[in-house]
Structures are given as C-alpha cells and as structure tokens.
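The structure file coords_20.cif is reproduced below (mmCIF, C-alpha atoms and all ligand atoms).
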data_final
loop_
_atom_site.label_atom_id
_atom_site.label_comp_id
_atom_site.auth_asym_id
_atom_site.auth_seq_id
_atom_site.Cartn_x
_atom_site.Cartn_y
_atom_site.Cartn_z
CA MET I 1 160.59 110.92 165.97
CA ARG I 2 157.55 111.22 168.21
CA ILE I 3 158.26 109.47 171.47
CA VAL I 4 156.49 108.99 174.78
CA LEU I 5 158.70 108.31 177.77
CA MET I 6 157.15 106.45 180.70
CA GLY I 7 158.40 105.15 184.02
CA PRO I 8 157.73 105.39 187.74
CA PRO I 9 158.54 108.56 189.69
CA GLY I 10 162.29 108.65 190.23
CA ALA I 11 163.14 106.40 187.27
CA GLY I 12 165.06 109.28 185.71
CA LYS I 13 162.62 110.17 182.94
CA GLY I 14 163.28 113.90 183.09
CA THR I 15 167.05 113.59 183.01
CA GLN I 16 167.01 111.04 180.22
CA ALA I 17 164.38 112.88 178.21
CA ILE I 18 166.60 115.97 178.08
CA LYS I 19 169.54 113.93 176.76
CA VAL I 20 167.53 112.02 174.19
CA ALA I 21 165.78 115.20 173.02
CA GLU I 22 169.15 116.86 172.53
CA LYS I 23 170.46 113.91 170.54
CA LEU I 24 167.35 113.70 168.35
CA GLN I 25 167.04 117.49 168.08
CA VAL I 26 163.40 117.55 169.16
CA PRO I 27 161.73 119.45 172.03
CA HIS I 28 161.40 117.83 175.45
CA ILE I 29 157.84 118.32 176.65
CA SER I 30 157.34 117.53 180.34
CA THR I 31 153.88 118.02 181.82
CA GLY I 32 155.34 117.98 185.35
CA GLU I 33 157.74 120.77 184.38
CA ILE I 34 155.00 122.83 182.76
CA PHE I 35 152.95 122.49 185.94
CA ARG I 36 155.92 123.43 188.13
CA ALA I 37 156.70 126.47 185.96
CA ASN I 38 153.07 127.61 186.22
CA LEU I 39 153.16 127.07 189.96
CA ALA I 40 156.32 129.15 190.29
CA ASP I 41 154.73 131.93 188.20
CA GLY I 42 151.49 131.78 190.19
CA THR I 43 149.30 131.39 187.09
CA PRO I 44 145.69 130.15 187.39
CA LEU I 45 146.83 126.83 185.88
CA GLY I 46 149.56 126.58 188.52
CA LEU I 47 147.13 127.36 191.32
CA GLU I 48 144.74 124.72 190.02
CA ALA I 49 147.47 122.08 189.76
CA LYS I 50 149.10 122.87 193.11
CA ARG I 51 146.85 120.96 195.49
CA TYR I 52 146.97 117.80 193.38
CA MET I 53 150.72 117.87 192.96
CA GLU I 54 151.31 118.46 196.65
CA ALA I 55 149.19 115.42 197.48
CA GLY I 56 150.91 113.20 194.90
CA GLU I 57 147.66 112.95 192.90
CA TYR I 58 147.23 113.51 189.19
CA VAL I 59 145.95 116.85 187.99
CA PRO I 60 142.46 116.42 186.45
CA ASP I 61 142.42 115.41 182.79
CA GLU I 62 140.50 118.44 181.56
CA VAL I 63 143.33 120.67 182.79
CA THR I 64 146.17 118.48 181.57
CA ASN I 65 144.71 117.51 178.19
CA SER I 66 144.13 121.03 176.92
CA MET I 67 147.58 122.07 178.09
CA VAL I 68 149.18 119.22 176.12
CA ALA I 69 147.02 119.83 173.05
CA SER I 70 148.17 123.44 172.80
CA ARG I 71 151.81 122.56 173.47
CA LEU I 72 151.87 119.87 170.76
CA ALA I 73 150.33 122.27 168.27
CA GLU I 74 153.31 124.64 168.61
CA SER I 75 155.56 124.72 165.58
CA ASP I 76 158.67 123.30 167.27
CA ALA I 77 156.83 120.01 167.91
CA ALA I 78 156.01 119.52 164.23
CA GLY I 79 159.28 117.68 163.59
CA GLY I 80 158.95 115.36 166.58
CA PHE I 81 159.06 115.47 170.37
CA ILE I 82 159.82 113.58 173.55
CA LEU I 83 156.71 113.59 175.69
CA ASP I 84 157.64 113.05 179.34
CA GLY I 85 154.89 112.43 181.90
CA TYR I 86 151.99 112.25 179.46
CA PRO I 87 149.88 110.21 178.94
CA ARG I 88 149.55 108.93 182.51
CA THR I 89 146.01 107.54 182.42
CA VAL I 90 144.10 105.38 179.96
CA ALA I 91 141.84 108.37 179.26
CA GLN I 92 144.90 110.47 178.40
CA VAL I 93 146.01 107.79 175.92
CA GLY I 94 142.74 108.33 174.07
CA GLU I 95 143.14 112.08 174.21
CA LEU I 96 146.70 111.89 172.87
CA ASP I 97 145.45 109.67 170.03
CA THR I 98 142.88 112.33 169.16
CA ILE I 99 145.38 115.19 169.35
CA LEU I 100 147.91 113.39 167.16
CA ALA I 101 145.28 112.21 164.68
CA GLY I 102 144.22 115.85 164.34
CA LEU I 103 147.81 116.81 163.59
CA GLY I 104 148.26 113.81 161.27
CA THR I 105 151.32 112.65 163.21
CA PRO I 106 151.03 109.28 165.02
CA LEU I 107 153.42 108.15 167.76
CA ASP I 108 156.53 106.24 166.74
CA LYS I 109 157.62 104.70 170.03
CA VAL I 110 156.76 104.47 173.70
CA VAL I 111 159.70 103.83 175.98
CA GLU I 112 159.21 102.50 179.48
CA ILE I 113 162.15 103.08 181.80
CA THR I 114 161.97 100.31 184.39
CA ALA I 115 163.28 100.72 187.91
CA ASN I 116 163.46 99.00 191.26
CA THR I 117 161.02 100.53 193.78
CA ASP I 118 163.44 100.75 196.74
CA GLU I 119 166.02 102.37 194.52
CA VAL I 120 163.65 105.02 193.16
CA VAL I 121 162.26 105.89 196.60
CA ALA I 122 165.85 106.39 197.79
CA ARG I 123 166.60 108.60 194.78
CA LEU I 124 163.51 110.72 195.37
CA LEU I 125 164.27 111.20 199.06
CA ASN I 126 167.75 112.28 198.10
CA ARG I 127 166.39 114.73 195.52
CA ALA I 128 163.97 116.06 198.16
CA GLN I 129 166.93 117.03 200.32
CA GLU I 130 168.80 118.64 197.46
CA GLN I 131 166.01 120.42 195.59
CA GLY I 132 163.12 120.55 198.02
CA ARG I 133 160.34 119.78 195.54
CA ALA I 134 156.96 120.09 197.28
CA ASP I 135 155.90 116.60 196.22
CA ASP I 136 159.05 114.84 197.37
CA THR I 137 158.17 114.13 201.01
CA GLU I 138 158.20 110.45 201.93
CA GLU I 139 154.44 110.22 202.35
CA VAL I 140 153.75 111.93 199.02
CA ILE I 141 156.40 109.82 197.28
CA ARG I 142 154.62 106.66 198.46
CA ARG I 143 151.33 108.03 197.19
CA ARG I 144 152.90 108.87 193.81
CA MET I 145 154.22 105.31 193.49
CA ASP I 146 150.76 103.88 194.25
CA VAL I 147 149.06 106.24 191.81
CA TYR I 148 151.59 105.25 189.15
CA ALA I 149 150.95 101.55 189.73
CA GLU I 150 147.17 101.99 189.67
CA GLN I 151 146.72 104.52 186.88
CA THR I 152 149.81 104.55 184.68
CA GLU I 153 151.22 101.00 184.74
CA PRO I 154 148.20 99.72 182.72
CA LEU I 155 149.34 101.89 179.80
CA VAL I 156 152.34 99.62 179.31
CA ARG I 157 150.00 96.87 178.14
CA VAL I 158 148.02 99.22 175.90
CA TYR I 159 151.11 100.39 174.05
CA SER I 160 152.64 96.93 174.04
CA GLU I 161 149.56 95.60 172.25
CA ARG I 162 149.97 98.33 169.66
CA GLY I 163 153.54 97.18 169.06
CA LEU I 164 154.97 100.54 170.14
CA LEU I 165 156.59 99.61 173.44
CA LEU I 166 160.30 99.47 174.19
CA LYS I 167 161.51 98.61 177.70
CA VAL I 168 164.78 100.04 178.94
CA ASP I 169 166.45 99.19 182.24
CA GLY I 170 166.78 102.42 184.24
CA MET I 171 169.23 101.06 186.79
CA GLY I 172 172.90 101.99 186.51
CA SER I 173 174.63 105.29 185.83
CA MET I 174 172.92 108.12 183.98
CA ASP I 175 175.21 107.65 180.98
CA GLU I 176 174.60 103.90 180.86
CA VAL I 177 170.86 104.45 180.78
CA THR I 178 171.16 107.13 178.08
CA ALA I 179 173.24 104.75 175.95
CA ARG I 180 170.64 102.00 176.37
CA LEU I 181 167.86 104.37 175.40
CA LEU I 182 169.60 105.60 172.28
CA THR I 183 170.40 102.03 171.25
CA ALA I 184 166.79 100.94 171.81
CA LEU I 185 165.59 103.87 169.69
CA GLY I 186 168.15 103.13 166.99
CA ALA I 187 169.48 106.69 167.36
P1 LIG F 1 157.36 112.38 188.51
O1 LIG F 1 158.64 112.60 189.23
O2 LIG F 1 156.30 111.81 189.40
O3 LIG F 1 157.50 111.64 187.23
P2 LIG F 1 156.48 114.81 187.08
O4 LIG F 1 157.46 115.93 187.20
O5 LIG F 1 156.37 114.14 185.77
O6 LIG F 1 156.81 113.81 188.26
O7 LIG F 1 155.02 115.31 187.53
C1 LIG F 1 154.80 115.94 188.77
C2 LIG F 1 153.31 116.04 189.08
O8 LIG F 1 152.64 116.79 188.04
C3 LIG F 1 152.55 114.71 189.11
O9 LIG F 1 152.68 114.06 190.36
C4 LIG F 1 151.12 115.18 188.82
O10 LIG F 1 150.50 115.77 189.94
C5 LIG F 1 151.33 116.27 187.80
N1 LIG F 1 151.26 115.69 186.43
C6 LIG F 1 152.29 115.60 185.54
N2 LIG F 1 151.89 115.02 184.40
C7 LIG F 1 150.58 114.73 184.56
C8 LIG F 1 149.58 114.11 183.75
N3 LIG F 1 149.87 113.65 182.52
N4 LIG F 1 148.33 113.99 184.23
C9 LIG F 1 148.02 114.45 185.45
N5 LIG F 1 148.90 115.01 186.28
C10 LIG F 1 150.17 115.16 185.85
#
Please lay out the structure from this file as structure tokens.
Ligand code: ADP
Amino acid sequence: MRIVLMGPPGAGKGTQAIKVAEKLQVPHISTGEIFRANLADGTPLGLEAKRYMEAGEYVPDEVTNSMVASRLAESDAAGGFILDGYPRTVAQVGELDTILAGLGTPLDKVVEITANTDEVVARLLNRAQEQGRADDTEEVIRRRMDVYAEQTEPLVRVYSERGLLLKVDGMGSMDEVTARLLTALGA
C-alpha cells in the first residue's frame, strides 16, 4: 500500500506512521526525519534546511522535492510506503503525482489524523522539554500551526475530491489511534 499520512504538528503522525509501517511491512519515509538526520550530520542539505526548520517554515520545494524523488526511487519503496510529512503544499502534491506517475505506482490512500489545537500545542511543549527539538519552542510551534493551516490544510480538500481521503481521530491513547488507523486502512 502507498499511503500519505497528514495531520497538524503534534498530531502523532511520526509515532503512528512507524506502527502502521511495521504492520504493513513497508518503509516509513518522513521528510522531517530526513532533514533532522542531515542536520545532525552537518550535510549541505541539513545546513540548507536548518534555518527554515528553526523558524517553523517549510523548506523550499526544490530542496524537498528532489530529496523525496530519490528516496521513493529506492528499491525498498517499490512494494509500498508510508509517506509522513510530504506532500505539505499544493505544489508538492503535483510533484508527488509526477514522481509516482514516473514510477507507475499511484497513491492508494491519504490519511488525515485530526487533532484539537490546544491538545497538540500542549503535546509539543511537553516534547520540547523531553527531547529539545530546535523547532519546538512555543513561538515556533505557533508558527508551524499557522503554516500548516495556510499551506497544508488545503490538501485535505484536494485528496478528498480524488476520493483518497480517510479521516482518523488522533485524540486518545497511542494504541487507540493506531487501532483506528489500521481499521480505517482495512489492515
Ligand atoms: P511536524 O512535527 O511539524 O509534523 P516534521 O518532523 O514532519 O514536523 O517536519 C519538521 C520540519 O521539517 C518542518 O517544520 C519543515 O521545516 C521541514 N519539512 C518537513 N517536511 C517538509 C516538506 N514536505 N516540505 C517542506 N518542509 C518540510
């Protein structure tokens, strides 16, 4: 299965994507994680992404798109994938369409994990204390929520019109949400 997982920052996409990927035996591809790994390794890609991530802004499409295109072309993604954090803009939707058309493998489902804003801000502040991610300060969190609402929320409608969208309630325990996701996906 080829799945895109969407949802606001703090909705639990990363955590859930790992579980669903394990269950479906497909790779979990997270653009945020790839950026963070590059940042930690001090690669040119990481250096480029750093200032955007630290401000809660999206990394420019030309950087992100080519990174995703090469990752999806790797052999482990041939049998399916969970894409977490991409696409995030309408332009990226078009790019993903092109990449997948080139590979001859269209998307099967897009899952939106829905969440209450106050709850996700609280979760992110808590994670900031525990893990100290550079983009988890309160000001940056607010910016990330706004950027999500402006740039990513419109994708819900795009995928809904294509008949690909599933909505899953992200509130509740981690296991409850995983169970809902697997049910929604028929897995
Ligand atoms: P979040 O907790 O906001 O879902 P992610 O770990 O998915 O965070 O992403 C962290 C940061 O990496 C984003 O705020 C953004 O700067 C960058 N990023 C991740 N995916 C994309 C993308 N598809 N396009 C542009 N920037 C991205």
For Met67 in chain I, list every protein, DNA or RNA residue within 10 Å, evaluated using only C-alpha atoms, and leave out those in the same chain fewer than 6 positions away; present the list as a PyMOL selection string.
-> chain I and resi 31+34-35+45+61
All residues within 10 Å of ligand LIG 1 (chain F) are required, counting all atoms listed in the file; please report them as a ChimeraX atom specification.
-> /I:6-14,30-36,49-65,67-68,83-89,91-93,120,124,133-136,140-141,143-145,147-148,151-152
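Going from CA of Pro27 in chain I to CA of Ala149 in chain I covers 27.4 Å.
For the set I:Ile82, I:Val4, I:Met171, I:Leu39, the residue with the smallest atom-to-atom gap to Gln25 in chain I is I:Ile82, counting all atoms listed in the file.
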Return the single residue from I:Leu125, I:Met1, I:Ile29, I:Ile113 that is closest to Gly172 in chain I, with distances computed using only C-alpha atoms.
-> I:Ile113
What separation in Å, quoted to one decimal, exists between CA of Thr183 in chain I and CA of Ser160 in chain I?
-> 18.7 Å
Please identify all polymer residues within 12 Å of Lys109 in chain I, counting only C-alpha atoms, omitting same-chain residues fewer than 5 positions from it, and present them as a PyMOL selection string.
-> chain I and resi 1-6+80-83+156+159-160+162-167+181+184-186
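In terms of minimum interatomic distance to Val121 in chain I, I:Asp146 ranks closest within I:Asp175, I:Asp146, I:Glu48, I:Glu153, counting all atoms listed in the file.
Relative to CA of Val158 in chain I, CA of Leu96 in chain I is found at 13.1 Å.
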Since fewer atoms than expected are present, regenerate all heavy atoms for range 23-34 of chain I and write them as a compact mmCIF listing (two decimals), keeping the file's coordinate frame.
# COMPACT_ATOMS: atom_id res chain seq x y z
N LYS I 23 169.89 114.78 171.58
CA LYS I 23 170.46 113.91 170.54
C LYS I 23 169.58 113.88 169.29
O LYS I 23 170.07 113.92 168.17
CB LYS I 23 170.61 112.50 171.13
CG LYS I 23 171.08 111.45 170.17
CD LYS I 23 172.59 111.48 169.99
CE LYS I 23 173.02 110.48 168.92
NZ LYS I 23 174.45 110.54 168.64
N LEU I 24 168.28 113.80 169.49
CA LEU I 24 167.35 113.70 168.35
C LEU I 24 166.94 115.07 167.81
O LEU I 24 166.22 115.15 166.80
CB LEU I 24 166.09 112.92 168.76
CG LEU I 24 166.27 111.47 169.20
CD1 LEU I 24 164.94 110.86 169.62
CD2 LEU I 24 166.88 110.63 168.07
N GLN I 25 167.37 116.13 168.52
CA GLN I 25 167.04 117.49 168.08
C GLN I 25 165.53 117.74 168.01
O GLN I 25 165.01 118.27 167.02
CB GLN I 25 167.66 117.76 166.70
CG GLN I 25 169.16 117.66 166.69
CD GLN I 25 169.82 118.98 167.02
OE1 GLN I 25 169.63 119.96 166.31
NE2 GLN I 25 170.55 119.02 168.12
N VAL I 26 164.84 117.31 169.06
CA VAL I 26 163.40 117.55 169.16
C VAL I 26 163.13 118.16 170.54
O VAL I 26 163.93 118.00 171.46
CB VAL I 26 162.58 116.24 168.99
CG1 VAL I 26 162.70 115.70 167.58
CG2 VAL I 26 162.97 115.18 170.01
N PRO I 27 162.01 118.87 170.72
CA PRO I 27 161.73 119.45 172.03
C PRO I 27 161.38 118.39 173.07
O PRO I 27 160.78 117.36 172.75
CB PRO I 27 160.53 120.37 171.78
CG PRO I 27 159.93 119.93 170.51
CD PRO I 27 161.02 119.27 169.70
N HIS I 28 161.76 118.67 174.31
CA HIS I 28 161.40 117.83 175.45
C HIS I 28 160.18 118.48 176.09
O HIS I 28 160.25 119.61 176.56
CB HIS I 28 162.58 117.81 176.43
CG HIS I 28 162.24 117.30 177.80
ND1 HIS I 28 162.74 117.86 178.95
CD2 HIS I 28 161.44 116.29 178.19
CE1 HIS I 28 162.27 117.21 180.00
NE2 HIS I 28 161.49 116.25 179.58
N ILE I 29 159.08 117.77 176.10
CA ILE I 29 157.84 118.32 176.65
C ILE I 29 157.47 117.54 177.90
O ILE I 29 157.10 116.37 177.83
CB ILE I 29 156.70 118.26 175.60
CG1 ILE I 29 157.12 119.05 174.35
CG2 ILE I 29 155.40 118.80 176.20
CD1 ILE I 29 156.12 119.00 173.20
N SER I 30 157.61 118.18 179.05
CA SER I 30 157.34 117.53 180.34
C SER I 30 156.13 118.19 181.00
O SER I 30 156.19 119.38 181.34
CB SER I 30 158.57 117.65 181.24
OG SER I 30 158.20 117.50 182.60
N THR I 31 155.07 117.43 181.18
CA THR I 31 153.88 118.02 181.82
C THR I 31 154.19 118.43 183.26
O THR I 31 153.74 119.49 183.71
CB THR I 31 152.69 117.05 181.77
OG1 THR I 31 153.13 115.75 182.16
CG2 THR I 31 152.07 116.99 180.40
N GLY I 32 154.97 117.62 183.97
CA GLY I 32 155.34 117.98 185.35
C GLY I 32 156.07 119.31 185.39
O GLY I 32 155.80 120.16 186.24
N GLU I 33 156.99 119.51 184.42
CA GLU I 33 157.74 120.77 184.38
C GLU I 33 156.84 121.95 184.03
O GLU I 33 157.01 123.04 184.57
CB GLU I 33 158.84 120.67 183.33
CG GLU I 33 160.19 120.57 183.94
CD GLU I 33 161.25 120.34 182.89
OE1 GLU I 33 161.20 120.96 181.81
OE2 GLU I 33 162.12 119.50 183.16
N ILE I 34 155.92 121.74 183.12
CA ILE I 34 155.00 122.83 182.76
C ILE I 34 154.17 123.21 183.98
O ILE I 34 153.99 124.40 184.29
CB ILE I 34 154.10 122.45 181.56
CG1 ILE I 34 154.95 122.15 180.31
CG2 ILE I 34 153.11 123.58 181.24
CD1 ILE I 34 154.15 121.63 179.11
